[in-house]
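Just below is one structure, and these are the notes that go with it.
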Amino acid sequence: MKRLVCASALLVSIFSVFAAESRLNYPKPQKSGQTDNYFGAKVADPYRGLENADAPATKKWIEAENKLTFDYLTAIPEREKINKQLTGLWDYEKYGVPFLESARYFFAKTSGLQNQSVIYTAPDLPGEPRVLLDPNTLSKDGTVALGGYAVPDDGKLFAYGLSTAGSDWQEWKVRDVETGKDLSDDLKWVKFSSTSWNHDGSGFFYSRYDQPKGGGEQLKETNYFQKLYYHKIGTQQSQDALIYERKDHKDWLFSAQVTEDGAYLIISAQRGTDPKNQIFYKDLLRPDAKVIELLNKEDATYTFIGNEGNVFWFLTNFGAAKGRIIAIDVQSPEEIKELVPETADKLESVSLVGNLFIANYLKDAHSLVRLYEFSGKVAGEIPMPGFGTASGFTGKRKDTETFYSYVSFTDPPTIYRYELKNGQSSVLFRPKVDFKSDDYTTEQVFYKSKDGTRVPMFLTYKKGLEKNDKNPTLLYGYGGFDISITPSFSPATAVWLEMGGVYAVANIRGGGEYGEEWHLAGTKLRKQNVFDDFIGAGEWLIANHYTSTPKLATSGRSNGGLLVGACLTQRPDLWGATLPGVGVMDMLRFQKFTIGWSWASDYGSSDNAEEFKALYKYSPLHNVKPGTTYPPTLITTADHDDRVFPGHSFKFAATLQAAQAGEAPVLIRIETRAGHGAGKPTTKQIEDVTDQWSFLVKNLGMKIPF
């Protein structure tokens with residue numbers, strides 16, 4: 001017996017030496033003795049220097065980390081095949097939902113592997129469209145992207161915003177639709193802004209910040225004191241009229257919308273990402289009219305739908321957690337009339353087209369579209385084919401048609417035209433993609449979280465899947481900011497399915513799938529519910545033999561990156577691999593960078609003693625434990641991410657690498673000339689997914705069939 005024990009100890013010793021030798025040689029960034037005091041708790045932050053992305057030492061570390069990561073990834077034999085498969089499947093036409101202004105249709109389309117979507121216009125659809133704006137011609141590497149656009153009622157001008165290298169900052173210009181030439185208008189320092197033209201097309205309303213400091217500070221400087229302006233076409237930005245600002249509320253964000261009749265400007269004021277907002281309005285028919293506060297209690301979410309004279313219609317969760325439609329007469333604003341009451345399903349959005357409310361509901365996280373008359377009387381439904389997401393439905397009171405997109409996990413977005421007169425939908429654009437969608441199926445299951453809460457999850461896989469614990473499975477989640485995660489198609493997911501993978505999407509708390517109560521159950525002091533829900537999804541997949549720990553990977557971006565990071569540190573034993581992307585990893589300092597302060601509505605803040613304790617308990621950066629065996633992890637971020645500052649991922653990677661006791665790789669992939677994700681060129685998207693899928697193939701022990 002003693003001999004067996006000694007032999008066992010020898011094997012452990014040999015394995016430990018082998019593991020140490022096979023472990024990667026991670027770059028070692030400079031450390032400091034930085035310590036912060038939070039209500040008496042001393043918290044070390046040894047890699048604080050990595051927050052300075054432009055420092056020579058940080059640049060050297062980034063270069064070394066990328067070399068290590070790409071040396072590892074390019075050595076994976078299947079990488080070239082995966083890249084080829086992704087490129088081939090990505091190569092199909094992708095259409096946006098059209099809209100009509102005057103006698104012109106406008107829509108976006110990407111032809112195959114184009115880096116950015118192109119804007120087209122046409123007198124008829126499908127017709128013979130012509131190119132109005134092609135962002136692909138504006139940069140050699142495809143990193144100049146269209147951030148937003150707006151067209152006046154007469155359809156003669158086209159205002160558009162451009163972002164560079166993935167930044168949230170946009171520069172707005174105006175193009176003549178007929179000639180295709182830009183006017184002299186040039187607006188800078190626009191960020192998190194809607195754009196709305198006035199009735200005669202002579203100008204538009206938008207929001208912007210003051211110019212930030214120089215020296216690269218625009219990447220990480222906090223964004224406060226947004227202001228609402230009006231820009232008159234043909235004038236300099238310095239001449240823009242200031243419509244509204246609040247010097248007493250540095251954290252208010254403004255969006256403005258001109259009513260269809262041109263009589264009012266509807267202003268929404270919101271504290272960062274808090275869904276509760278206020279509604280103000282300005283009478284545009286009286287030049288001297290002041291901004292009037294209509295709904296100023298910040299007691300709910302109010303989304304303007306339209307108006308009939310001085311009667312305004314709103315979608316709101318005031319008195320209805322899942323949403324309802326109300327009417328308010330601005331002459332007697334204290335009286336609220338309910339038009340469409342709350343139902344068992346979440347009312348996600350409402351549009352007004354052809355004298356009907358088109359109400360888009362979520363029934364267990366997939367779309368259900370109902371029609372209502374202005375009186376609230378039910379006027380029918382727009383049937384949906386299955387578990388999918390419908391979006392679009394824009395238009396005006398005089399329109400007799402509207403357009404919408406329908407997408408599922410296995411079928412890319414198909415664009416439909418809906419005729420309001422006969423209630424019929426017809427296919428306008430159906431993409432041809434090299435993917436056998438009929439070979440796959442989606443089911444929806446429900447599982448119990450730690451506290452007994454019933455949580456839905458979509459599972460997509462190849463028909464005939466055998467539940468044998470051996471299926472590579474990718475579990476995706478988000479769980480925050482009242483954002484609903486509904487069925488969607490991506491070439492990346494399609495290739496994952498072709499590789500034999502199961503794709504699981506957990507609709508965890510913190511999102512908006514079941515209304516405001518579902519959202520609030522995953523915020524601030526209750527944020528742990530979100531992680532419990534996600535961990536519960538992983539445990540359910542294993543218990544029901546879809547997969548096993550060595551075959552189970554997790555993925556999430558932004559708030560979802562926080563989700564993956566927190567679940568990685570809380571349950572490192574549960575996962576076979578993790579992919580935290582552009583995550584919020586330092587929950588004690590997130591509010592100190594760019595727009596991070598606005599997330600306190602969901603997270604709370606380390607400036608509050610009680611919230612600090614909750615944040616510190618789950619903050620991924622602060623819960624990495626030295627000497628722990630962590631699963632294979634590939635962290636992704638970008639050097640121009642000015643939403644979730646890349647310092648989050650830098651510090652988390654350095655900390656996790658230093659703590660790793662096992663031989664599993666902990667790598668960070670740092671994209672250059674890219675940001676948080678919006679506007680990312682197709683070429684960069686394909687390379688990014690290629691690396692992530694290659695990492696999973698190697699670390700989940702997958703054998704791909706192509």
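Just so we're on the same page: first chain in the structure tokens is A, next is B, and so on; residues restart at 1 for each chain, and ligands are numbered from 1 in the order they show up.
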**Q.** Picked from range 204-263 of chain A by DSSP as helix (DSSP H, G or I), as a PyMOL selection string
**A.** chain A and resi 217-219+237-239
Based on the selection just made, write N, CA and C atoms of those residues as a short mmCIF file (atom, residue, chain, number, x, y, z; two decimals), in the first residue's frame.
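Saved as out-v3.cif:
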```cif
data_model
loop_
_atom_site.label_atom_id
_atom_site.label_comp_id
_atom_site.auth_asym_id
_atom_site.auth_seq_id
_atom_site.Cartn_x
_atom_site.Cartn_y
_atom_site.Cartn_z
N GLU A 217 -7.02 61.40 -24.86
CA GLU A 217 -7.95 61.29 -23.75
C GLU A 217 -9.37 60.94 -24.19
N GLN A 218 -9.69 61.18 -25.49
CA GLN A 218 -11.04 60.90 -25.95
C GLN A 218 -11.36 59.42 -25.88
N LEU A 219 -10.33 58.55 -25.77
CA LEU A 219 -10.55 57.11 -25.67
C LEU A 219 -11.10 56.72 -24.31
N GLN A 237 -21.11 74.27 -37.69
CA GLN A 237 -21.54 73.67 -36.43
C GLN A 237 -21.51 74.68 -35.28
N SER A 238 -20.59 75.61 -35.35
CA SER A 238 -20.49 76.63 -34.30
C SER A 238 -21.74 77.51 -34.22
N GLN A 239 -22.55 77.51 -35.29
CA GLN A 239 -23.77 78.30 -35.32
C GLN A 239 -25.00 77.51 -34.88
#
```
Q.
Which residues are near Ser196 in chain A? Cut-off 10 Å, only C-alpha atoms, ignore same chain within fewer than 3 positions. Put them as a VMD selection string.
A. chain A and resid 149 to 152 159 193 199 201 203 to 206 230 255 to 259 265
Residues near Leu24 in chain A, anyone? I mean within 9 Å using only C-alpha atoms, not counting same-chain ones fewer than 6 positions away, as a short mmCIF file (atom, residue, chain, number, x, y, z; two decimals) with C-alpha atoms, in the first residue's frame.
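Saved to around-v1.cif:
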```
data_model
loop_
_atom_site.label_atom_id
_atom_site.label_comp_id
_atom_site.auth_asym_id
_atom_site.auth_seq_id
_atom_site.Cartn_x
_atom_site.Cartn_y
_atom_site.Cartn_z
CA LEU A 68 1.90 34.73 -27.68
CA GLU A 663 -1.73 24.01 -17.74
CA ALA A 664 -4.74 25.37 -19.61
CA PRO A 665 -3.95 28.47 -21.69
CA VAL A 666 -5.10 31.93 -20.62
#
```
Q | Residue contacts of Gln570 in chain A (9 Å, only C-alpha atoms) excluding same-chain residues fewer than 6 positions away, as an MDAnalysis selection string | A | chainID A and resid 531 618 620 623:624
Q) Which of these, A:Ser268, A:Gln85, A:Asn310, A:Ser619, has the shortest distance to Asp586 in chain A once you count only C-alpha atoms? A)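 Among A:Ser268, A:Gln85, A:Asn310, A:Ser619, it is A:Ser619 that comes nearest to Asp586 in chain A.
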Q: Among the residues of range 462-678 of chain A, find those DSSP assigns to strand (DSSP E or B) from the backbone and print them as JSON, numbers by chain.
A: {"A": [462, 473, 474, 475, 476, 502, 503, 504, 505, 506, 552, 553, 554, 555, 556, 557, 577, 578, 579, 580, 581, 628, 633, 634, 635, 636, 637, 638, 660, 666, 667, 668, 669, 670, 671]}
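Residue nearest Thr389 in chain A within the list A:Tyr546, A:Phe374, A:Tyr302, A:Phe409: A:Phe409 [criterion: smallest interatomic distance, only C-alpha atoms].
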Q. Any idea what's packed within 6 Å of range 630-640 of chain A, counting only C-alpha atoms, ignoring anything in its chain fewer than 4 positions away? Could you give it as a PyMOL selection string?
A. chain A and resi 572+576-582+664-672+674-675
Deliver the residues from the most recent selection as a file, using N, CA and C atoms, as a PDB file, in the first residue's frame.
```pdb
ATOM      1  N   PRO A 572     -14.914  27.758 -11.705  1.00  0.00           N
ATOM      2  CA  PRO A 572     -13.910  27.350 -12.699  1.00  0.00           C
ATOM      3  C   PRO A 572     -13.970  25.864 -13.027  1.00  0.00           C
ATOM      4  N   GLY A 576     -15.469  23.932 -19.737  1.00  0.00           N
ATOM      5  CA  GLY A 576     -14.357  23.368 -20.495  1.00  0.00           C
ATOM      6  C   GLY A 576     -13.536  24.431 -21.179  1.00  0.00           C
ATOM      7  N   ALA A 577     -14.124  25.612 -21.403  1.00  0.00           N
ATOM      8  CA  ALA A 577     -13.416  26.754 -22.001  1.00  0.00           C
ATOM      9  C   ALA A 577     -14.314  27.977 -21.855  1.00  0.00           C
ATOM     10  N   THR A 578     -13.716  29.165 -21.847  1.00  0.00           N
ATOM     11  CA  THR A 578     -14.498  30.398 -21.745  1.00  0.00           C
ATOM     12  C   THR A 578     -13.988  31.441 -22.718  1.00  0.00           C
ATOM     13  N   LEU A 579     -14.931  32.259 -23.228  1.00  0.00           N
ATOM     14  CA  LEU A 579     -14.623  33.311 -24.200  1.00  0.00           C
ATOM     15  C   LEU A 579     -15.218  34.640 -23.727  1.00  0.00           C
ATOM     16  N   PRO A 580     -14.608  35.305 -22.755  1.00  0.00           N
ATOM     17  CA  PRO A 580     -15.123  36.612 -22.322  1.00  0.00           C
ATOM     18  C   PRO A 580     -14.680  37.720 -23.276  1.00  0.00           C
ATOM     19  N   GLY A 581     -15.643  38.411 -23.886  1.00  0.00           N
ATOM     20  CA  GLY A 581     -15.326  39.435 -24.879  1.00  0.00           C
ATOM     21  C   GLY A 581     -15.636  40.839 -24.381  1.00  0.00           C
ATOM     22  N   VAL A 582     -14.723  41.766 -24.600  1.00  0.00           N
ATOM     23  CA  VAL A 582     -14.840  43.190 -24.261  1.00  0.00           C
ATOM     24  C   VAL A 582     -15.616  43.389 -22.953  1.00  0.00           C
ATOM     25  N   ALA A 664      -3.863  24.816 -18.589  1.00  0.00           N
ATOM     26  CA  ALA A 664      -4.741  25.369 -19.612  1.00  0.00           C
ATOM     27  C   ALA A 664      -4.320  26.793 -19.978  1.00  0.00           C
ATOM     28  N   PRO A 665      -4.386  27.132 -21.258  1.00  0.00           N
ATOM     29  CA  PRO A 665      -3.953  28.468 -21.689  1.00  0.00           C
ATOM     30  C   PRO A 665      -4.902  29.571 -21.242  1.00  0.00           C
ATOM     31  N   VAL A 666      -4.351  30.707 -20.873  1.00  0.00           N
ATOM     32  CA  VAL A 666      -5.103  31.932 -20.616  1.00  0.00           C
ATOM     33  C   VAL A 666      -4.519  32.985 -21.546  1.00  0.00           C
ATOM     34  N   LEU A 667      -5.260  33.319 -22.591  1.00  0.00           N
ATOM     35  CA  LEU A 667      -4.740  34.194 -23.636  1.00  0.00           C
ATOM     36  C   LEU A 667      -5.631  35.426 -23.792  1.00  0.00           C
ATOM     37  N   ILE A 668      -5.060  36.486 -24.332  1.00  0.00           N
ATOM     38  CA  ILE A 668      -5.831  37.677 -24.656  1.00  0.00           C
ATOM     39  C   ILE A 668      -5.538  38.081 -26.093  1.00  0.00           C
ATOM     40  N   ARG A 669      -6.602  38.292 -26.850  1.00  0.00           N
ATOM     41  CA  ARG A 669      -6.496  38.706 -28.250  1.00  0.00           C
ATOM     42  C   ARG A 669      -6.910  40.173 -28.318  1.00  0.00           C
ATOM     43  N   ILE A 670      -5.975  41.046 -28.681  1.00  0.00           N
ATOM     44  CA  ILE A 670      -6.207  42.490 -28.667  1.00  0.00           C
ATOM     45  C   ILE A 670      -6.269  42.996 -30.103  1.00  0.00           C
ATOM     46  N   GLU A 671      -7.483  43.268 -30.557  1.00  0.00           N
ATOM     47  CA  GLU A 671      -7.687  43.737 -31.927  1.00  0.00           C
ATOM     48  C   GLU A 671      -7.200  45.176 -32.055  1.00  0.00           C
ATOM     49  N   THR A 672      -6.608  45.489 -33.193  1.00  0.00           N
ATOM     50  CA  THR A 672      -6.158  46.856 -33.445  1.00  0.00           C
ATOM     51  C   THR A 672      -7.114  47.529 -34.437  1.00  0.00           C
ATOM     52  N   ALA A 674     -10.003  48.735 -33.902  1.00  0.00           N
ATOM     53  CA  ALA A 674     -11.361  48.235 -33.707  1.00  0.00           C
ATOM     54  C   ALA A 674     -11.843  48.708 -32.349  1.00  0.00           C
ATOM     55  N   GLY A 675     -13.169  48.685 -32.161  1.00  0.00           N
ATOM     56  CA  GLY A 675     -13.744  49.172 -30.913  1.00  0.00           C
ATOM     57  C   GLY A 675     -14.577  48.117 -30.235  1.00  0.00           C
TER      58      GLY A 675
END
```
Q: Find the distance between CA of Ile266 in chain A and CA of Ser349 in chain A and write it in Å to one decimal.
A: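 Between CA of Ile266 in chain A and CA of Ser349 in chain A the gap is 17.4 Å.
You will find CA of Glu171 in chain A at 15.9 Å from CA of Gly234 in chain A.
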Q: Find the spatial neighbours of Ala659 in chain A, counting only C-alpha atoms, within a cut-off of 10 Å - ignore same-chain residues fewer than 3 positions away - and output them as a PyMOL selection string.
A: chain A and resi 624-630+653-656+662
Now that the selection is made, can you save its residues with C-alpha atoms as a tab-separated table (two decimals), in the first residue's frame?
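Saved file part_39.tsv follows:
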```
chain	number	residue	atom	x	y	z
A	624	VAL	CA	-9.28	35.61	-9.33
A	625	LYS	CA	-7.59	33.34	-6.77
A	626	PRO	CA	-3.89	32.47	-7.10
A	627	GLY	CA	-3.22	28.74	-7.22
A	628	THR	CA	-6.55	27.91	-8.85
A	629	THR	CA	-6.88	25.71	-11.91
A	630	TYR	CA	-8.82	27.77	-14.43
A	653	ALA	CA	-5.78	38.84	-18.36
A	654	ALA	CA	-2.61	39.71	-16.45
A	655	THR	CA	-4.22	38.71	-13.13
A	656	LEU	CA	-5.65	35.44	-14.47
A	662	GLY	CA	-3.18	24.47	-14.28
```
Q | Nearest to Leu352 in chain A, chosen from A:Ser606, A:Thr222, A:Asn307, A:Ser202, with only C-alpha atoms counted in the distances | A |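 Among A:Ser606, A:Thr222, A:Asn307, A:Ser202, it is A:Asn307 that comes nearest to Leu352 in chain A.
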Q: Do a neighbour search on range 433-437 of chain A at 8 Å with only C-alpha atoms, toss out local chain neighbours closer than 6 positions, and write the hits as a ChimeraX atom specification.
A: /A:88-92,410-412,494
Q | CA of Thr400 in chain A to CA of Asn422 in chain A, straight-line distance in Å | A | 9.7 Å
